[in-house]
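Read the structure below first, then the notes.
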Amino acid sequence: AGLARRGAPTGTVVLADHQTAGRGKYDRPWVSRPGESLLASVLLRPSRPLADLAQVTLVIAVAAAEAIARTTGLAPQIKWPNDLMVEGRKLSGILCEMVMTPEGDLDHIIAGIGINIAQARTDFPPELQAIATSISAETGRKVDRFDLFTALIDRLDHRLSEWERFGFEPARHAWSVRSCTLGRPVILAATHAPRQGIAEALGPDG
């Protein structure tokens, strides 16, 4: 946030070896210990219209899934909108925060990306052991964090540039192919009256 306020350019990346106050959706804690995860924050100043900015989480999810697949051979699926899953367990989370100007325009987005790499299943807190996983737990081998980071930056650069130039459709197709949400019952619980239905498609607005 400090770098953004001082005018750091789009594409600035900050890496952490571990976090002491990591958080995800709904302010849930993101658990990490030194050396076990890839933890990156990416500063973005996209030129897309304000109405399109919610798509950025989905675009980044596609890029992260592609980077993991390229580096590990795993085939992560995307749970709408921001979780990467392997065999029903969460491997990665993405949280994007928009910061607006006093005039109501976008100043910047900080995209936080966390990927579990080296944890054994028993390294997670007991309440997460059935629902969280890591690359090592799924493949039985170690992956170099720098190799994964390099692949992530490559795919982020490609997918975000593509989104800025051509809009959401290319990422929407790639997201839909990897989705584990489409075709399944879902509950929209973020309202006073939860609604239930079948997720049929990802709309053109995300």
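Each chain in the structure tokens gets a letter, A, B, ..., in the order shown, and its residues are numbered from 1; ligands are numbered from 1 in order too.
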Please build the interface table for range 115-173 of chain A against range 198-202 of chain A with a cut-off of 12 Å, listing for each qualifying residue the nearest atom pair and the distance in Å to one decimal; count only C-alpha atoms, order rows by chain and increasing number, and write it as CSV.
residue,atom,partner,partner_atom,distance
A:Phe168,CA,A:Leu202,CA,10.9
A:Glu169,CA,A:Leu202,CA,10.3
A:Ala171,CA,A:Leu202,CA,10.7
A:Arg172,CA,A:Leu202,CA,7.0
A:His173,CA,A:Leu202,CA,8.8
Write out as a PDB file with N, CA and C atoms, in the first residue's frame the set of residues from range 63-205 of chain A that DSSP, computed on the backbone, places in helix (DSSP H, G or I).
ATOM      1  N   ALA A  63      -4.535 -17.194 -14.647  1.00  0.00           N
ATOM      2  CA  ALA A  63      -3.080 -17.134 -14.775  1.00  0.00           C
ATOM      3  C   ALA A  63      -2.399 -18.012 -13.730  1.00  0.00           C
ATOM      4  N   ALA A  64      -2.876 -17.964 -12.495  1.00  0.00           N
ATOM      5  CA  ALA A  64      -2.274 -18.763 -11.431  1.00  0.00           C
ATOM      6  C   ALA A  64      -2.463 -20.250 -11.692  1.00  0.00           C
ATOM      7  N   ALA A  65      -3.653 -20.639 -12.149  1.00  0.00           N
ATOM      8  CA  ALA A  65      -3.900 -22.042 -12.462  1.00  0.00           C
ATOM      9  C   ALA A  65      -2.976 -22.519 -13.578  1.00  0.00           C
ATOM     10  N   GLU A  66      -2.787 -21.682 -14.578  1.00  0.00           N
ATOM     11  CA  GLU A  66      -1.899 -22.052 -15.690  1.00  0.00           C
ATOM     12  C   GLU A  66      -0.453 -22.177 -15.220  1.00  0.00           C
ATOM     13  N   ALA A  67      -0.015 -21.285 -14.334  1.00  0.00           N
ATOM     14  CA  ALA A  67       1.354 -21.339 -13.828  1.00  0.00           C
ATOM     15  C   ALA A  67       1.589 -22.605 -13.010  1.00  0.00           C
ATOM     16  N   ILE A  68       0.623 -22.952 -12.169  1.00  0.00           N
ATOM     17  CA  ILE A  68       0.745 -24.167 -11.359  1.00  0.00           C
ATOM     18  C   ILE A  68       0.770 -25.399 -12.264  1.00  0.00           C
ATOM     19  N   ALA A  69      -0.112 -25.432 -13.255  1.00  0.00           N
ATOM     20  CA  ALA A  69      -0.147 -26.573 -14.175  1.00  0.00           C
ATOM     21  C   ALA A  69       1.180 -26.714 -14.914  1.00  0.00           C
ATOM     22  N   ARG A  70       1.715 -25.603 -15.385  1.00  0.00           N
ATOM     23  CA  ARG A  70       2.969 -25.627 -16.143  1.00  0.00           C
ATOM     24  C   ARG A  70       4.131 -26.121 -15.280  1.00  0.00           C
ATOM     25  N   THR A  71       4.143 -25.723 -14.011  1.00  0.00           N
ATOM     26  CA  THR A  71       5.286 -26.013 -13.140  1.00  0.00           C
ATOM     27  C   THR A  71       5.202 -27.381 -12.482  1.00  0.00           C
ATOM     28  N   THR A  72       3.981 -27.861 -12.219  1.00  0.00           N
ATOM     29  CA  THR A  72       3.820 -29.051 -11.386  1.00  0.00           C
ATOM     30  C   THR A  72       3.153 -30.222 -12.083  1.00  0.00           C
ATOM     31  N   ARG A 121      -0.032 -32.405   4.801  1.00  0.00           N
ATOM     32  CA  ARG A 121      -1.427 -32.260   5.203  1.00  0.00           C
ATOM     33  C   ARG A 121      -1.541 -31.965   6.695  1.00  0.00           C
ATOM     34  N   THR A 122      -0.663 -32.589   7.503  1.00  0.00           N
ATOM     35  CA  THR A 122      -0.729 -32.408   8.958  1.00  0.00           C
ATOM     36  C   THR A 122      -0.161 -31.069   9.416  1.00  0.00           C
ATOM     37  N   ASP A 123       0.441 -30.316   8.503  1.00  0.00           N
ATOM     38  CA  ASP A 123       0.941 -28.987   8.869  1.00  0.00           C
ATOM     39  C   ASP A 123      -0.185 -27.966   8.990  1.00  0.00           C
ATOM     40  N   PRO A 126      -5.982 -28.342  12.452  1.00  0.00           N
ATOM     41  CA  PRO A 126      -6.915 -29.477  12.340  1.00  0.00           C
ATOM     42  C   PRO A 126      -8.186 -29.154  11.568  1.00  0.00           C
ATOM     43  N   GLU A 127      -8.702 -27.938  11.726  1.00  0.00           N
ATOM     44  CA  GLU A 127      -9.957 -27.593  11.050  1.00  0.00           C
ATOM     45  C   GLU A 127      -9.777 -27.404   9.548  1.00  0.00           C
ATOM     46  N   LEU A 128      -8.523 -27.329   9.064  1.00  0.00           N
ATOM     47  CA  LEU A 128      -8.275 -27.136   7.637  1.00  0.00           C
ATOM     48  C   LEU A 128      -7.731 -28.372   6.940  1.00  0.00           C
ATOM     49  N   ILE A 135       1.105 -28.184  -3.011  1.00  0.00           N
ATOM     50  CA  ILE A 135       1.696 -28.862  -4.161  1.00  0.00           C
ATOM     51  C   ILE A 135       2.416 -30.132  -3.720  1.00  0.00           C
ATOM     52  N   SER A 136       3.175 -30.042  -2.618  1.00  0.00           N
ATOM     53  CA  SER A 136       3.897 -31.227  -2.139  1.00  0.00           C
ATOM     54  C   SER A 136       2.948 -32.340  -1.720  1.00  0.00           C
ATOM     55  N   ALA A 137       1.843 -31.958  -1.046  1.00  0.00           N
ATOM     56  CA  ALA A 137       0.893 -32.971  -0.594  1.00  0.00           C
ATOM     57  C   ALA A 137       0.236 -33.678  -1.769  1.00  0.00           C
ATOM     58  N   GLU A 138       0.072 -32.976  -2.884  1.00  0.00           N
ATOM     59  CA  GLU A 138      -0.596 -33.566  -4.041  1.00  0.00           C
ATOM     60  C   GLU A 138       0.352 -34.321  -4.958  1.00  0.00           C
ATOM     61  N   THR A 139       1.605 -33.893  -5.041  1.00  0.00           N
ATOM     62  CA  THR A 139       2.525 -34.495  -6.006  1.00  0.00           C
ATOM     63  C   THR A 139       3.563 -35.400  -5.346  1.00  0.00           C
ATOM     64  N   ARG A 145      10.257 -22.627  -5.523  1.00  0.00           N
ATOM     65  CA  ARG A 145       9.393 -21.443  -5.467  1.00  0.00           C
ATOM     66  C   ARG A 145       9.726 -20.449  -6.567  1.00  0.00           C
ATOM     67  N   PHE A 146      11.014 -20.322  -6.894  1.00  0.00           N
ATOM     68  CA  PHE A 146      11.392 -19.368  -7.936  1.00  0.00           C
ATOM     69  C   PHE A 146      10.860 -19.806  -9.297  1.00  0.00           C
ATOM     70  N   ASP A 147      10.897 -21.104  -9.583  1.00  0.00           N
ATOM     71  CA  ASP A 147      10.343 -21.595 -10.845  1.00  0.00           C
ATOM     72  C   ASP A 147       8.852 -21.303 -10.931  1.00  0.00           C
ATOM     73  N   LEU A 148       8.143 -21.531  -9.824  1.00  0.00           N
ATOM     74  CA  LEU A 148       6.705 -21.260  -9.810  1.00  0.00           C
ATOM     75  C   LEU A 148       6.440 -19.772  -9.942  1.00  0.00           C
ATOM     76  N   PHE A 149       7.233 -18.952  -9.243  1.00  0.00           N
ATOM     77  CA  PHE A 149       7.074 -17.508  -9.334  1.00  0.00           C
ATOM     78  C   PHE A 149       7.317 -17.018 -10.762  1.00  0.00           C
ATOM     79  N   THR A 150       8.348 -17.547 -11.409  1.00  0.00           N
ATOM     80  CA  THR A 150       8.641 -17.149 -12.787  1.00  0.00           C
ATOM     81  C   THR A 150       7.479 -17.484 -13.719  1.00  0.00           C
ATOM     82  N   ALA A 151       6.924 -18.680 -13.559  1.00  0.00           N
ATOM     83  CA  ALA A 151       5.779 -19.067 -14.385  1.00  0.00           C
ATOM     84  C   ALA A 151       4.568 -18.191 -14.079  1.00  0.00           C
ATOM     85  N   LEU A 152       4.372 -17.864 -12.795  1.00  0.00           N
ATOM     86  CA  LEU A 152       3.235 -17.023 -12.413  1.00  0.00           C
ATOM     87  C   LEU A 152       3.347 -15.643 -13.054  1.00  0.00           C
ATOM     88  N   ILE A 153       4.523 -15.033 -12.988  1.00  0.00           N
ATOM     89  CA  ILE A 153       4.693 -13.705 -13.579  1.00  0.00           C
ATOM     90  C   ILE A 153       4.477 -13.749 -15.087  1.00  0.00           C
ATOM     91  N   ASP A 154       4.961 -14.796 -15.727  1.00  0.00           N
ATOM     92  CA  ASP A 154       4.768 -14.935 -17.169  1.00  0.00           C
ATOM     93  C   ASP A 154       3.296 -15.012 -17.523  1.00  0.00           C
ATOM     94  N   ARG A 155       2.542 -15.847 -16.791  1.00  0.00           N
ATOM     95  CA  ARG A 155       1.120 -16.005 -17.111  1.00  0.00           C
ATOM     96  C   ARG A 155       0.315 -14.776 -16.708  1.00  0.00           C
ATOM     97  N   LEU A 156       0.688 -14.113 -15.605  1.00  0.00           N
ATOM     98  CA  LEU A 156       0.019 -12.867 -15.231  1.00  0.00           C
ATOM     99  C   LEU A 156       0.220 -11.814 -16.311  1.00  0.00           C
ATOM    100  N   ASP A 157       1.443 -11.681 -16.784  1.00  0.00           N
ATOM    101  CA  ASP A 157       1.727 -10.687 -17.812  1.00  0.00           C
ATOM    102  C   ASP A 157       0.894 -10.965 -19.060  1.00  0.00           C
ATOM    103  N   HIS A 158       0.834 -12.251 -19.452  1.00  0.00           N
ATOM    104  CA  HIS A 158       0.066 -12.599 -20.650  1.00  0.00           C
ATOM    105  C   HIS A 158      -1.427 -12.353 -20.455  1.00  0.00           C
ATOM    106  N   ARG A 159      -1.988 -12.875 -19.377  1.00  0.00           N
ATOM    107  CA  ARG A 159      -3.440 -12.797 -19.204  1.00  0.00           C
ATOM    108  C   ARG A 159      -3.916 -11.370 -18.905  1.00  0.00           C
ATOM    109  N   LEU A 160      -3.162 -10.620 -18.122  1.00  0.00           N
ATOM    110  CA  LEU A 160      -3.584  -9.254 -17.824  1.00  0.00           C
ATOM    111  C   LEU A 160      -3.436  -8.352 -19.048  1.00  0.00           C
ATOM    112  N   SER A 161      -2.376  -8.538 -19.819  1.00  0.00           N
ATOM    113  CA  SER A 161      -2.223  -7.763 -21.058  1.00  0.00           C
ATOM    114  C   SER A 161      -3.338  -8.093 -22.046  1.00  0.00           C
ATOM    115  N   GLU A 162      -3.655  -9.367 -22.149  1.00  0.00           N
ATOM    116  CA  GLU A 162      -4.739  -9.820 -23.027  1.00  0.00           C
ATOM    117  C   GLU A 162      -6.060  -9.204 -22.595  1.00  0.00           C
ATOM    118  N   TRP A 163      -6.325  -9.174 -21.283  1.00  0.00           N
ATOM    119  CA  TRP A 163      -7.561  -8.585 -20.747  1.00  0.00           C
ATOM    120  C   TRP A 163      -7.643  -7.097 -21.067  1.00  0.00           C
ATOM    121  N   GLU A 164      -6.530  -6.383 -20.890  1.00  0.00           N
ATOM    122  CA  GLU A 164      -6.530  -4.942 -21.164  1.00  0.00           C
ATOM    123  C   GLU A 164      -6.772  -4.663 -22.649  1.00  0.00           C
ATOM    124  N   ARG A 165      -6.227  -5.504 -23.522  1.00  0.00           N
ATOM    125  CA  ARG A 165      -6.326  -5.247 -24.961  1.00  0.00           C
ATOM    126  C   ARG A 165      -7.638  -5.740 -25.558  1.00  0.00           C
ATOM    127  N   PHE A 166      -8.086  -6.931 -25.119  1.00  0.00           N
ATOM    128  CA  PHE A 166      -9.192  -7.587 -25.812  1.00  0.00           C
ATOM    129  C   PHE A 166     -10.433  -7.791 -24.942  1.00  0.00           C
ATOM    130  N   GLU A 169     -13.339 -11.838 -22.648  1.00  0.00           N
ATOM    131  CA  GLU A 169     -13.777 -13.084 -23.279  1.00  0.00           C
ATOM    132  C   GLU A 169     -12.703 -14.179 -23.283  1.00  0.00           C
ATOM    133  N   PRO A 170     -11.431 -13.896 -23.636  1.00  0.00           N
ATOM    134  CA  PRO A 170     -10.438 -14.986 -23.610  1.00  0.00           C
ATOM    135  C   PRO A 170     -10.283 -15.613 -22.230  1.00  0.00           C
ATOM    136  N   ALA A 171     -10.214 -14.795 -21.194  1.00  0.00           N
ATOM    137  CA  ALA A 171     -10.080 -15.331 -19.838  1.00  0.00           C
ATOM    138  C   ALA A 171     -11.368 -16.016 -19.396  1.00  0.00           C
ATOM    139  N   ARG A 172     -12.497 -15.497 -19.827  1.00  0.00           N
ATOM    140  CA  ARG A 172     -13.779 -16.120 -19.468  1.00  0.00           C
ATOM    141  C   ARG A 172     -13.847 -17.548 -19.994  1.00  0.00           C
ATOM    142  N   HIS A 173     -13.384 -17.755 -21.213  1.00  0.00           N
ATOM    143  CA  HIS A 173     -13.378 -19.110 -21.776  1.00  0.00           C
ATOM    144  C   HIS A 173     -12.419 -19.997 -20.987  1.00  0.00           C
ATOM    145  N   ALA A 174     -11.218 -19.507 -20.727  1.00  0.00           N
ATOM    146  CA  ALA A 174     -10.221 -20.309 -20.002  1.00  0.00           C
ATOM    147  C   ALA A 174     -10.686 -20.608 -18.583  1.00  0.00           C
ATOM    148  N   TRP A 175     -11.340 -19.641 -17.944  1.00  0.00           N
ATOM    149  CA  TRP A 175     -11.877 -19.848 -16.602  1.00  0.00           C
ATOM    150  C   TRP A 175     -12.944 -20.936 -16.631  1.00  0.00           C
ATOM    151  N   SER A 176     -13.830 -20.874 -17.597  1.00  0.00           N
ATOM    152  CA  SER A 176     -14.939 -21.826 -17.664  1.00  0.00           C
ATOM    153  C   SER A 176     -14.438 -23.257 -17.862  1.00  0.00           C
ATOM    154  N   VAL A 177     -13.382 -23.427 -18.657  1.00  0.00           N
ATOM    155  CA  VAL A 177     -12.815 -24.755 -18.893  1.00  0.00           C
ATOM    156  C   VAL A 177     -12.274 -25.344 -17.595  1.00  0.00           C
ATOM    157  N   ARG A 178     -11.719 -24.503 -16.731  1.00  0.00           N
ATOM    158  CA  ARG A 178     -11.107 -24.977 -15.479  1.00  0.00           C
ATOM    159  C   ARG A 178     -12.073 -24.936 -14.293  1.00  0.00           C
TER     160      ARG A 178
END
Please report as JSON lines every residue of range 93-144 of chain A lying within 12 Å of range 5-20 of chain A, along with the nearest atom pair and their distance in Å (one decimal), using only C-alpha atoms.
{"residue": "A:Val99", "atom": "CA", "partner": "A:Arg5", "partner_atom": "CA", "distance": 10.1}
{"residue": "A:Met100", "atom": "CA", "partner": "A:Arg5", "partner_atom": "CA", "distance": 11.5}
{"residue": "A:Thr101", "atom": "CA", "partner": "A:Arg5", "partner_atom": "CA", "distance": 11.0}
{"residue": "A:Asp107", "atom": "CA", "partner": "A:Arg5", "partner_atom": "CA", "distance": 9.1}
{"residue": "A:His108", "atom": "CA", "partner": "A:Thr10", "partner_atom": "CA", "distance": 8.2}
{"residue": "A:Ile109", "atom": "CA", "partner": "A:Thr10", "partner_atom": "CA", "distance": 9.1}
{"residue": "A:Ile110", "atom": "CA", "partner": "A:Val13", "partner_atom": "CA", "distance": 9.6}
{"residue": "A:Ala111", "atom": "CA", "partner": "A:Val13", "partner_atom": "CA", "distance": 9.5}
{"residue": "A:Gly112", "atom": "CA", "partner": "A:Val14", "partner_atom": "CA", "distance": 9.4}
{"residue": "A:Ile113", "atom": "CA", "partner": "A:Leu15", "partner_atom": "CA", "distance": 9.7}
{"residue": "A:Gly114", "atom": "CA", "partner": "A:Ala16", "partner_atom": "CA", "distance": 9.9}
{"residue": "A:Ile115", "atom": "CA", "partner": "A:His18", "partner_atom": "CA", "distance": 11.4}
{"residue": "A:Asn116", "atom": "CA", "partner": "A:His18", "partner_atom": "CA", "distance": 11.1}
{"residue": "A:Ile117", "atom": "CA", "partner": "A:Asp17", "partner_atom": "CA", "distance": 11.8}
Please produce a file of the residues just selected, as a compact mmCIF listing (two decimals), in the first residue's frame, where the atoms kept are N, CA, C and O atoms.
# COMPACT_ATOMS: atom_id res chain seq x y z
N VAL A 99 -8.50 0.37 -4.58
CA VAL A 99 -8.34 1.63 -3.86
C VAL A 99 -8.76 2.74 -4.81
O VAL A 99 -8.22 2.87 -5.92
N MET A 100 -9.73 3.53 -4.39
CA MET A 100 -10.31 4.56 -5.23
C MET A 100 -9.76 5.94 -4.87
O MET A 100 -9.31 6.17 -3.74
N THR A 101 -9.82 6.84 -5.83
CA THR A 101 -9.48 8.23 -5.57
C THR A 101 -10.66 8.92 -4.91
O THR A 101 -11.80 8.41 -4.95
N ASP A 107 -7.65 4.22 -8.30
CA ASP A 107 -6.25 4.58 -8.12
C ASP A 107 -5.37 3.37 -8.41
O ASP A 107 -4.46 3.44 -9.22
N HIS A 108 -5.67 2.25 -7.74
CA HIS A 108 -4.89 1.05 -7.99
C HIS A 108 -5.62 -0.16 -7.42
O HIS A 108 -6.57 -0.03 -6.65
N ILE A 109 -5.16 -1.34 -7.80
CA ILE A 109 -5.62 -2.61 -7.26
C ILE A 109 -4.40 -3.32 -6.68
O ILE A 109 -3.33 -3.34 -7.31
N ILE A 110 -4.55 -3.88 -5.50
CA ILE A 110 -3.52 -4.77 -4.96
C ILE A 110 -4.08 -6.18 -4.99
O ILE A 110 -5.09 -6.48 -4.35
N ALA A 111 -3.43 -7.04 -5.77
CA ALA A 111 -3.85 -8.43 -5.90
C ALA A 111 -2.95 -9.30 -5.05
O ALA A 111 -1.74 -9.39 -5.31
N GLY A 112 -3.51 -9.92 -4.03
CA GLY A 112 -2.76 -10.83 -3.19
C GLY A 112 -2.96 -12.26 -3.66
O GLY A 112 -4.10 -12.70 -3.89
N ILE A 113 -1.86 -12.99 -3.84
CA ILE A 113 -1.90 -14.36 -4.34
C ILE A 113 -1.14 -15.24 -3.36
O ILE A 113 0.03 -14.98 -3.07
N GLY A 114 -1.80 -16.27 -2.84
CA GLY A 114 -1.15 -17.23 -1.97
C GLY A 114 -1.27 -18.62 -2.53
O GLY A 114 -2.39 -19.06 -2.88
N ILE A 115 -0.15 -19.33 -2.67
CA ILE A 115 -0.15 -20.70 -3.19
C ILE A 115 0.58 -21.58 -2.18
O ILE A 115 1.75 -21.32 -1.85
N ASN A 116 -0.09 -22.61 -1.69
CA ASN A 116 0.53 -23.55 -0.77
C ASN A 116 1.49 -24.45 -1.54
O ASN A 116 1.09 -25.11 -2.51
N ILE A 117 2.73 -24.51 -1.08
CA ILE A 117 3.75 -25.28 -1.81
C ILE A 117 4.24 -26.49 -1.04
O ILE A 117 4.18 -27.62 -1.53
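The smallest atom-to-atom distance between Pro46 in chain A and any of A:Pro102, A:Gly167, A:Gly93, A:Pro76, using only C-alpha atoms, is found for A:Gly167.
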Please determine, counting only C-alpha atoms, which residue among A:Ile94, A:Ala130, A:Leu39, A:Val62 has the shortest atom-to-atom distance to Ala75 in chain A.
A:Val62
